[in-house]
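One structure is given below, encoded as structure tokens.
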2 protein chains.
Amino acid sequence: MAGEPKGGRVTLADVAQSAGVSIATASYVVNGRDGVGAETRAHVLRVAEEIGFRPNRLASGLRTGQSRVLGLVLADITNPFYPEIAGGVIAAAAEAGYRVFLSHSGGTGDLDGEEVRTLCDHQCAALIFTSLLASDGPLIADVVPADVPLVQAVRRASGLAADFVGIDDRAGAREAARHLLELGHREIAVLAGPPGSSASCERALGFRETLAAEGLEPDADRVVECQLTVDAGYAGAKRLLAAGSRPPTAVLCGNDLIALGAIDALADDGLSVPDDVSVVGYDDIWFSSSRLVRLTSVRQPRHAMGRAAVSLALERLADPGIEPRDVILPHELVVRRTTAAPRLQAAGAGA
Amino acid sequence: MAGEPKGGRVTLADVAQSAGVSIATASYVVNGRDGVGAETRAHVLRVAEEIGFRPNRLASGLRTGQSRVLGLVLADITNPFYPEIAGGVIAAAAEAGYRVFLSHSGGTGDLDGEEVRTLCDHQCAALIFTSLLASDGPLIADVVPADVPLVQAVRRASGLAADFVGIDDRAGAREAARHLLELGHREIAVLAGPPGSSASCERALGFRETLAAEGLEPDADRVVECQLTVDAGYAGAKRLLAAGSRPPTAVLCGNDLIALGAIDALADDGLSVPDDVSVVGYDDIWFSSSRLVRLTSVRQPRHAMGRAAVSLALERLADPGIEPRDVILPHELVVRRTTAAPRLQAAGAGA
DNA sequence: ACCCGTTGACGAATCGTTTAAGGGCTCTTA
DNA sequence: TAAGAGCCCTTAAACGATTCGTCAACGGGT
């Protein structure tokens, strides 16, 4: 009955012809613009439906310069933290009629300029970066057109005035450290994330300033920097155990993956968690709440962060003039089974 | 020095003008087509670089009808299995100069037609679905234009003649079941995935036919179907324990998330794994290899599956005529610490 | 009866790229 | 030297949608 006239897909021109109106009118109708009579509108809509019209987003994007597409750059897609952010981004984008391009910048998180450039070639309306490194700031400015809004999620690059969504990493870290102090720990090590990541820096800072306030600034071999992976956490913890004369009674970790690796390493050395050593993670990935793990960690509202990033992007798109904003979402220290008071002999040994 | 002539971005026309050639020539050059003199070519390339030309993929896509974009639909982005497939897809796509749109169809995995339609509106060159349900087949045919190649990964929909990439789920399941049999288990329960998923069905079939071959077809209350999540696995295992007069000595699970939930539930009931009950998962998500878990599971080559899906899509794009193909990748039963021989009293009780 | 404001619809230019068709050159060859 | 063959390059017409400016028709006010 109602087939496409040509071999290809149904275009606005087909709708216009079938409905006996001009292409312009058809366009106004399908876009819900006014200036079209109610009758005509209804008729065109019905015809469009009948012949199976679907707008070509390439064409409309070309004409308007607005592609209803967001670019999302994740650092490490295998870290469960990021897919959940992506979930929030995709959901919020879909609600606003946007689609999202997913990119990932390899494990280390440093940005491939060409990768981002090709993303921009598709005329993304805005770009959302999780996991920028400090050094990515200048690069990005070169690589993405000035009129494309940028949103930084989780981490921020230095020298980049762009909207940001995240949590107060330092405050979260302070709470984590204070939790250990309150349990009575005094021999506390830090398995920090890489210094290029602003979030890792803030966390490390929060850990250390809280310990320092108690006169507990840890010495150099009690602070190890490592990548944000299980393997790196394992290796880092091994290094920690090899270096100190005595193992720490607690470890503050830059994220949950490090914490997981550390727990493995401790177990390898016959140290049990939390009886011998307490471990605190950061991010509270879903895994951490499993009964097998029960990791004490600092929870980030991952899904909400993704949604907020989209809001920031769309708002800036609507009004490019506004000042860059920071959206700081609430975090929460979730205490589970990997932290406990230190053993008596260890706690009393200092005197 | 070299700035854009207009306020907007640098177009091919700008390159042509700056280089003193026609737009057509500029186009031939940037696309690496021949029929352009070596000198001219070099000159145009230099100019393009200098003034910062970047092709507008919307325009080229509109013109050619080919958008160098792949659509990827994942069921559950929080299941670590899928992001790794996505990683493979994105990597392979990038190598071929394609970008990928990421979509996810909510936890249950049933497809939202409108979601897929809007994906197609962006003129995706091909679509890759992980996690189709049986009932999605007819829907998809209605929803995506006939000239867009479809690739099914992991699962397949019934009545959809499209390329497929996955593993031999039934064979993997048979190996898992045989592993338990060889350990001496006779009281084996199954926590199967939802029947709408072809992969879950195949696995359940593989489990059951292997048990049946030993005369061990489990009775109805030893087979529970549940969604592919930790929570569902937990609930399913609870149901299992409540139903049977005696707990099984082993449980075969539809995927690792179910297995994780089951382990939690067993622990809740004071049953230890593997001493009281052995548990086998499926998928071998990265988590399962953690020392905290050490789940016996069937490994799927996730990254390779993503890459293979892209290959299938691009090959079909190049030659739409070829017959639908199945790419079956190798799987591997990975035996870890959640499976062991049954307790003596349990094993001997049957006689 | 005339003018004017309003409403509803349309024509045509435009976004940036690709590509078929064509047109000057130079060079070879008879 | 004229014709034919390449080689380079250009002209111009698409692709499918948006949108500005125009215009016909209609009704009401004077």
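Every chain in the structure tokens takes a letter, A first, then B, and so on in the order presented; its residues are numbered from 1, and the ligands are numbered from 1 following the presented order.
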Can you give chain B as a short mmCIF file (atom, residue, chain, number, x, y, z; two decimals) with C-alpha atoms, in the first residue's frame after you superpose it on chain A, pairing all C-alpha atoms in order for the least-squares fit?
data_model
loop_
_atom_site.label_atom_id
_atom_site.label_comp_id
_atom_site.auth_asym_id
_atom_site.auth_seq_id
_atom_site.Cartn_x
_atom_site.Cartn_y
_atom_site.Cartn_z
CA MET B 1 0.11 -0.51 0.41
CA ALA B 2 2.30 2.36 1.48
CA GLY B 3 5.73 1.71 0.11
CA GLU B 4 8.69 3.95 -0.51
CA PRO B 5 8.66 5.55 -3.91
CA LYS B 6 12.37 5.04 -4.46
CA GLY B 7 14.71 2.24 -3.56
CA GLY B 8 16.15 4.09 -0.60
CA ARG B 9 14.61 5.45 2.52
CA VAL B 10 11.63 7.67 3.02
CA THR B 11 12.55 11.32 3.01
CA LEU B 12 10.76 14.51 3.86
CA ALA B 13 10.26 15.05 0.16
CA ASP B 14 8.33 11.80 -0.01
CA VAL B 15 6.16 12.86 2.87
CA ALA B 16 5.54 16.23 1.26
CA GLN B 17 4.60 14.69 -2.03
CA SER B 18 2.32 12.08 -0.51
CA ALA B 19 0.62 14.66 1.63
CA GLY B 20 0.38 17.19 -1.15
CA VAL B 21 2.28 19.91 0.66
CA SER B 22 5.65 21.52 0.27
CA ILE B 23 8.79 20.15 1.84
CA ALA B 24 8.97 23.19 4.06
CA THR B 25 5.56 22.53 5.49
CA ALA B 26 6.41 18.91 6.08
CA SER B 27 9.53 20.01 7.88
CA TYR B 28 7.61 22.45 10.07
CA VAL B 29 5.18 19.73 10.97
CA VAL B 30 7.62 17.03 11.91
CA ASN B 31 9.57 19.52 13.96
CA GLY B 32 6.48 20.66 15.80
CA ARG B 33 6.93 24.27 14.73
CA ASP B 34 3.86 26.38 14.55
CA GLY B 35 2.59 28.32 11.60
CA VAL B 36 0.89 25.28 10.16
CA GLY B 37 -2.86 24.74 10.28
CA ALA B 38 -4.16 22.08 12.58
CA GLU B 39 -5.70 20.11 9.75
CA THR B 40 -2.62 20.17 7.58
CA ARG B 41 -0.52 19.25 10.54
CA ALA B 42 -2.60 16.22 11.40
CA HIS B 43 -2.68 15.11 7.80
CA VAL B 44 1.06 15.39 7.31
CA LEU B 45 1.70 13.58 10.56
CA ARG B 46 -0.56 10.75 9.48
CA VAL B 47 1.08 10.47 6.10
CA ALA B 48 4.55 10.53 7.63
CA GLU B 49 3.60 7.72 9.95
CA GLU B 50 2.00 5.74 7.16
CA ILE B 51 4.89 5.79 4.78
CA GLY B 52 7.38 5.29 7.58
CA PHE B 53 9.23 8.57 7.51
CA ARG B 54 12.30 8.91 9.68
CA PRO B 55 14.38 12.08 9.75
CA ASN B 56 17.93 11.87 8.52
CA ARG B 57 19.98 13.23 11.40
CA LEU B 58 22.99 13.68 9.18
CA ALA B 59 21.10 16.09 6.99
CA SER B 60 19.49 18.02 9.81
CA GLY B 61 22.77 18.14 11.66
CA LEU B 62 24.53 19.43 8.60
CA ARG B 63 21.96 22.13 8.09
CA THR B 64 21.73 23.31 11.67
CA GLY B 65 25.29 22.66 12.76
CA GLN B 66 23.79 20.83 15.73
CA SER B 67 24.06 17.09 15.66
CA ARG B 68 22.16 15.95 18.74
CA VAL B 69 25.13 13.81 19.60
CA LEU B 70 27.33 13.83 22.67
CA GLY B 71 30.84 12.47 22.81
CA LEU B 72 31.84 10.59 25.93
CA VAL B 73 35.45 9.72 26.60
CA LEU B 74 36.12 7.12 29.26
CA ALA B 75 39.53 6.17 30.52
CA ASP B 76 39.13 2.57 31.44
CA ILE B 77 36.02 0.81 30.37
CA THR B 78 36.88 -2.28 32.40
CA ASN B 79 36.75 -0.34 35.66
CA PRO B 80 33.11 -0.82 36.69
CA PHE B 81 33.05 2.72 37.92
CA TYR B 82 32.99 4.19 34.44
CA PRO B 83 30.30 2.13 32.75
CA GLU B 84 27.90 3.28 35.41
CA ILE B 85 28.69 6.88 34.65
CA ALA B 86 28.17 6.03 31.02
CA GLY B 87 24.80 4.59 31.93
CA GLY B 88 23.78 7.88 33.48
CA VAL B 89 25.06 9.83 30.52
CA ILE B 90 23.26 7.65 28.02
CA ALA B 91 20.00 7.73 29.94
CA ALA B 92 19.99 11.49 30.38
CA ALA B 93 21.07 12.03 26.79
CA ALA B 94 18.32 9.81 25.48
CA GLU B 95 15.74 11.76 27.44
CA ALA B 96 16.91 14.92 25.76
CA GLY B 97 16.92 13.31 22.33
CA TYR B 98 20.67 12.92 22.14
CA ARG B 99 22.80 9.90 21.34
CA VAL B 100 26.26 9.29 22.68
CA PHE B 101 29.50 8.31 21.05
CA LEU B 102 31.64 6.25 23.33
CA SER B 103 35.38 6.50 23.22
CA HIS B 104 37.98 5.14 25.53
CA SER B 105 41.46 6.34 25.84
CA GLY B 106 43.26 3.17 26.81
CA GLY B 107 44.17 2.04 30.27
CA THR B 108 46.45 4.86 31.28
CA GLY B 109 43.86 7.49 30.64
CA ASP B 110 45.97 9.87 28.66
CA LEU B 111 44.20 11.30 25.76
CA ASP B 112 44.86 10.48 22.16
CA GLY B 113 44.42 13.76 20.34
CA GLU B 114 43.59 12.15 17.05
CA GLU B 115 40.90 10.07 18.70
CA VAL B 116 39.25 13.18 20.05
CA ARG B 117 39.62 14.96 16.74
CA THR B 118 37.77 12.26 14.86
CA LEU B 119 35.09 12.44 17.50
CA CYS B 120 34.72 16.13 16.76
CA ASP B 121 34.59 15.42 13.03
CA HIS B 122 31.17 14.00 13.69
CA GLN B 123 30.10 17.41 14.95
CA CYS B 124 29.36 16.37 18.49
CA ALA B 125 27.29 18.99 20.22
CA ALA B 126 29.35 18.58 23.37
CA LEU B 127 32.06 16.41 24.83
CA ILE B 128 32.15 14.78 28.24
CA PHE B 129 35.46 13.58 29.58
CA THR B 130 35.87 11.39 32.57
CA SER B 131 39.40 10.95 33.64
CA LEU B 132 41.35 13.77 32.25
CA LEU B 133 44.96 13.95 33.26
CA ALA B 134 46.52 17.19 34.34
CA SER B 135 48.49 17.35 31.13
CA ASP B 136 45.44 16.91 28.93
CA GLY B 137 44.32 20.48 29.42
CA PRO B 138 46.40 22.24 26.78
CA LEU B 139 45.96 19.36 24.35
CA ILE B 140 42.19 19.48 24.52
CA ALA B 141 42.06 23.16 23.79
CA ASP B 142 44.03 22.53 20.60
CA VAL B 143 41.99 19.61 19.57
CA VAL B 144 38.37 20.51 20.09
CA PRO B 145 36.74 23.48 18.41
CA ALA B 146 36.15 26.40 20.72
CA ASP B 147 32.40 26.30 20.27
CA VAL B 148 32.02 22.76 21.59
CA PRO B 149 31.13 22.67 25.27
CA LEU B 150 33.37 20.50 27.40
CA VAL B 151 32.38 18.83 30.60
CA GLN B 152 34.86 17.21 32.93
CA ALA B 153 33.59 14.42 35.12
CA VAL B 154 35.41 12.85 38.06
CA ARG B 155 38.73 14.48 37.25
CA ARG B 156 39.77 17.85 36.02
CA ALA B 157 42.62 18.93 33.85
CA SER B 158 44.69 21.89 34.85
CA GLY B 159 44.34 25.04 32.82
CA LEU B 160 40.99 24.13 31.38
CA ALA B 161 38.09 26.37 32.25
CA ALA B 162 35.22 23.99 31.75
CA ASP B 163 32.24 22.72 33.65
CA PHE B 164 32.98 20.00 36.14
CA VAL B 165 30.98 17.36 37.92
CA GLY B 166 32.33 15.20 40.68
CA ILE B 167 32.49 14.81 44.40
CA ASP B 168 34.62 16.48 47.00
CA ASP B 169 37.38 13.92 46.74
CA ARG B 170 39.47 15.46 49.46
CA ALA B 171 36.63 15.49 51.95
CA GLY B 172 35.85 11.86 51.18
CA ALA B 173 39.47 10.98 51.72
CA ARG B 174 39.52 12.84 55.01
CA GLU B 175 36.52 10.87 56.22
CA ALA B 176 38.15 7.62 55.20
CA ALA B 177 41.33 8.51 57.07
CA ARG B 178 39.45 9.71 60.11
CA HIS B 179 37.54 6.45 60.17
CA LEU B 180 40.82 4.57 60.51
CA LEU B 181 42.09 6.95 63.14
CA GLU B 182 38.93 6.53 65.15
CA LEU B 183 39.34 2.79 65.02
CA GLY B 184 42.71 3.33 66.66
CA HIS B 185 45.07 2.88 63.74
CA ARG B 186 48.38 4.69 63.84
CA GLU B 187 50.43 2.79 61.30
CA ILE B 188 48.62 3.76 58.15
CA ALA B 189 49.93 3.33 54.64
CA VAL B 190 48.63 4.93 51.45
CA LEU B 191 48.31 3.28 48.07
CA ALA B 192 47.66 6.39 46.05
CA GLY B 193 46.55 6.67 42.46
CA PRO B 194 48.72 8.24 39.77
CA PRO B 195 49.68 11.87 40.40
CA GLY B 196 48.48 12.92 36.96
CA SER B 197 44.90 12.48 38.03
CA SER B 198 43.39 15.36 39.95
CA ALA B 199 41.04 13.04 41.79
CA SER B 200 43.90 10.85 42.93
CA CYS B 201 45.84 13.88 44.08
CA GLU B 202 42.93 15.23 46.06
CA ARG B 203 42.38 11.90 47.68
CA ALA B 204 46.02 11.47 48.56
CA LEU B 205 46.02 15.00 49.94
CA GLY B 206 42.95 14.31 52.02
CA PHE B 207 44.49 11.14 53.40
CA ARG B 208 47.74 12.79 54.29
CA GLU B 209 46.45 16.00 55.76
CA THR B 210 44.17 14.08 58.07
CA LEU B 211 47.00 11.85 59.21
CA ALA B 212 49.29 14.82 59.55
CA ALA B 213 46.78 16.52 61.82
CA GLU B 214 47.39 13.64 64.22
CA GLY B 215 51.11 13.91 63.79
CA LEU B 216 51.12 10.82 61.64
CA GLU B 217 52.60 12.03 58.36
CA PRO B 218 53.62 8.66 56.93
CA ASP B 219 57.21 8.28 55.80
CA ALA B 220 58.11 7.77 52.17
CA ASP B 221 58.01 3.99 52.14
CA ARG B 222 54.50 4.01 53.52
CA VAL B 223 53.18 5.91 50.51
CA VAL B 224 53.16 4.15 47.19
CA GLU B 225 51.75 5.47 43.95
CA CYS B 226 50.22 3.07 41.49
CA GLN B 227 47.87 2.91 38.54
CA LEU B 228 44.20 2.45 39.24
CA THR B 229 44.04 -1.28 38.56
CA VAL B 230 43.88 -4.49 40.55
CA ASP B 231 47.26 -5.59 39.33
CA ALA B 232 48.85 -2.30 40.23
CA GLY B 233 47.24 -2.45 43.64
CA TYR B 234 48.62 -5.91 44.13
CA ALA B 235 52.11 -4.85 43.12
CA GLY B 236 51.89 -1.68 45.17
CA ALA B 237 50.91 -3.56 48.29
CA LYS B 238 53.76 -6.01 47.75
CA ARG B 239 56.13 -3.10 47.53
CA LEU B 240 54.68 -1.68 50.71
CA LEU B 241 55.17 -4.93 52.57
CA ALA B 242 58.68 -5.38 51.28
CA ALA B 243 59.76 -1.86 52.21
CA GLY B 244 58.58 -1.38 55.74
CA SER B 245 60.19 -3.13 58.65
CA ARG B 246 56.73 -3.87 59.93
CA PRO B 247 53.50 -3.99 57.93
CA PRO B 248 51.06 -1.14 58.44
CA THR B 249 47.88 -1.86 60.35
CA ALA B 250 45.77 -0.15 57.73
CA VAL B 251 45.92 0.91 54.09
CA LEU B 252 44.12 3.77 52.40
CA CYS B 253 43.65 3.10 48.69
CA GLY B 254 43.19 5.43 45.76
CA ASN B 255 40.30 3.39 44.44
CA ASP B 256 38.53 0.09 44.92
CA LEU B 257 40.52 -1.76 42.29
CA ILE B 258 43.74 -0.93 44.10
CA ALA B 259 42.10 -2.02 47.34
CA LEU B 260 41.10 -5.33 45.84
CA GLY B 261 44.61 -5.93 44.60
CA ALA B 262 45.99 -4.95 47.98
CA ILE B 263 43.72 -7.40 49.76
CA ASP B 264 45.00 -10.13 47.45
CA ALA B 265 48.60 -9.20 48.18
CA LEU B 266 48.02 -9.11 51.90
CA ALA B 267 46.42 -12.54 51.79
CA ASP B 268 49.45 -13.76 49.87
CA ASP B 269 51.64 -12.68 52.73
CA GLY B 270 49.44 -14.42 55.23
CA LEU B 271 47.94 -11.17 56.49
CA SER B 272 44.21 -11.27 56.97
CA VAL B 273 41.80 -8.41 56.41
CA PRO B 274 40.66 -6.79 58.63
CA ASP B 275 42.24 -8.76 61.49
CA ASP B 276 45.83 -7.93 60.62
CA VAL B 277 45.33 -5.04 58.24
CA SER B 278 42.35 -2.80 57.52
CA VAL B 279 41.74 -1.69 53.95
CA VAL B 280 39.72 1.25 52.69
CA GLY B 281 38.84 1.73 49.04
CA TYR B 282 37.37 4.60 47.08
CA ASP B 283 34.49 4.70 44.55
CA ASP B 284 32.39 1.88 45.96
CA ILE B 285 32.01 -0.03 42.72
CA TRP B 286 29.16 -2.53 42.87
CA PHE B 287 31.55 -5.33 43.46
CA SER B 288 32.69 -3.88 46.72
CA SER B 289 29.33 -4.44 48.33
CA SER B 290 29.38 -8.13 47.50
CA ARG B 291 29.39 -10.35 50.55
CA LEU B 292 32.66 -11.80 49.33
CA VAL B 293 34.33 -8.45 49.56
CA ARG B 294 32.46 -6.05 51.84
CA LEU B 295 34.95 -3.34 51.24
CA THR B 296 34.82 -0.15 53.25
CA SER B 297 34.81 2.54 50.61
CA VAL B 298 33.75 6.05 49.67
CA ARG B 299 30.68 5.97 47.49
CA GLN B 300 30.25 8.23 44.52
CA PRO B 301 26.83 8.74 42.95
CA ARG B 302 27.91 7.36 39.61
CA HIS B 303 24.68 7.40 37.71
CA ALA B 304 23.82 10.86 38.95
CA MET B 305 27.24 12.09 37.92
CA GLY B 306 26.57 10.94 34.39
CA ARG B 307 23.23 12.65 34.36
CA ALA B 308 24.64 15.85 35.81
CA ALA B 309 27.34 15.90 33.17
CA VAL B 310 24.70 15.84 30.47
CA SER B 311 22.75 18.63 32.15
CA LEU B 312 25.85 20.78 32.31
CA ALA B 313 26.55 20.16 28.65
CA LEU B 314 23.03 20.94 27.51
CA GLU B 315 22.75 24.04 29.64
CA ARG B 316 25.96 25.41 28.26
CA LEU B 317 24.77 24.58 24.78
CA ALA B 318 21.66 26.59 25.44
CA ASP B 319 23.63 29.50 26.86
CA PRO B 320 27.33 29.44 26.02
CA GLY B 321 27.95 32.66 27.89
CA ILE B 322 27.61 31.42 31.46
CA GLU B 323 30.59 31.00 33.72
CA PRO B 324 32.06 27.52 34.14
CA ARG B 325 30.36 25.74 36.98
CA ASP B 326 31.30 23.01 39.41
CA VAL B 327 28.68 20.51 40.42
CA ILE B 328 29.78 18.74 43.56
CA LEU B 329 27.63 15.75 44.38
CA PRO B 330 27.39 14.14 47.81
CA HIS B 331 29.65 11.23 48.68
CA GLU B 332 29.34 8.77 51.51
CA LEU B 333 31.76 6.68 53.49
CA VAL B 334 30.37 3.17 53.52
CA VAL B 335 31.82 1.13 56.34
CA ARG B 336 31.87 -2.60 55.78
CA ARG B 337 34.00 -5.52 56.82
CA THR B 338 37.48 -4.62 55.68
CA THR B 339 38.09 -2.18 58.48
CA ALA B 340 38.34 -2.94 62.18
CA ALA B 341 40.31 -1.88 65.19
CA PRO B 342 43.99 -2.83 65.03
CA ARG B 343 45.29 -5.82 66.98
CA LEU B 344 46.23 -4.95 70.49
CA GLN B 345 49.90 -5.79 70.27
CA ALA B 346 50.30 -3.65 67.15
CA ALA B 347 48.45 -0.74 68.67
CA GLY B 348 50.33 -0.86 71.92
CA ALA B 349 53.76 -1.33 70.41
CA GLY B 350 54.29 2.37 69.68
CA ALA B 351 54.72 3.35 73.34
#
Residues of chain C that approach range 14-28 of chain D to 10 Å or less, counting only C-alpha atoms (C1' of nucleotides): could you list each one with the shortest pair of atoms and its distance in Å to one decimal, rows by chain and increasing residue number, as CSV?
residue,atom,partner,partner_atom,distance
C:DC4,C1',D:DG28,C1',9.6
C:DG5,C1',D:DG28,C1',9.6
C:DT6,C1',D:DC26,C1',9.0
C:DT7,C1',D:DC26,C1',8.6
C:DG8,C1',D:DA25,C1',9.2
C:DA9,C1',D:DA24,C1',9.0
C:DC10,C1',D:DC23,C1',8.5
C:DG11,C1',D:DT22,C1',8.6
C:DA12,C1',D:DC20,C1',9.8
C:DA13,C1',D:DC20,C1',9.1
C:DT14,C1',D:DT18,C1',8.7
C:DC15,C1',D:DT18,C1',9.3
C:DT17,C1',D:DC15,C1',9.1
C:DT18,C1',D:DA14,C1',8.7
C:DT19,C1',D:DA14,C1',9.1
Next item on the list: Report the residues of range 70-130 of chain A whose backbone DSSP state falls under strand (DSSP E or B), written as an MDAnalysis selection string.
Entry: chainID A and resid 70:74 99:104 126:130
Atoms kept (C-alpha atoms) for selection, written as a PDB file, in the first residue's frame:
ATOM      1  CA  LEU A  70      27.338  13.797  22.652  1.00  0.00           C
ATOM      2  CA  GLY A  71      30.851  12.436  22.801  1.00  0.00           C
ATOM      3  CA  LEU A  72      31.845  10.547  25.914  1.00  0.00           C
ATOM      4  CA  VAL A  73      35.461   9.680  26.586  1.00  0.00           C
ATOM      5  CA  LEU A  74      36.123   7.073  29.246  1.00  0.00           C
ATOM      6  CA  ARG A  99      22.814   9.868  21.308  1.00  0.00           C
ATOM      7  CA  VAL A 100      26.261   9.257  22.654  1.00  0.00           C
ATOM      8  CA  PHE A 101      29.514   8.279  21.039  1.00  0.00           C
ATOM      9  CA  LEU A 102      31.666   6.219  23.309  1.00  0.00           C
ATOM     10  CA  SER A 103      35.404   6.463  23.203  1.00  0.00           C
ATOM     11  CA  HIS A 104      37.997   5.106  25.517  1.00  0.00           C
ATOM     12  CA  ALA A 126      29.358  18.546  23.369  1.00  0.00           C
ATOM     13  CA  LEU A 127      32.079  16.370  24.822  1.00  0.00           C
ATOM     14  CA  ILE A 128      32.168  14.738  28.225  1.00  0.00           C
ATOM     15  CA  PHE A 129      35.469  13.547  29.567  1.00  0.00           C
ATOM     16  CA  THR A 130      35.875  11.376  32.570  1.00  0.00           C
TER      17      THR A 130
END
Next item on the list: Find the distance between C1' of DC27 in chain C and C1' of DT11 in chain D and write it in Å to one decimal.
Entry: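 A separation of 25.5 Å between them.
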Note to self: Between C1' of DA13 in chain D and C1' of DG23 in chain C, what is the distance in Å, rounded to a tenth?
What the structure shows: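 If I compute the distance from C1' of DA13 in chain D to C1' of DG23 in chain C, I get 17.3 Å.
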Notebook entry, point to check: Rounded to one decimal in Å, what is the spacing between C1' of DT28 in chain C and C1' of DA5 in chain D?
Noted result: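 Distance between the two atoms: 8.2 Å.
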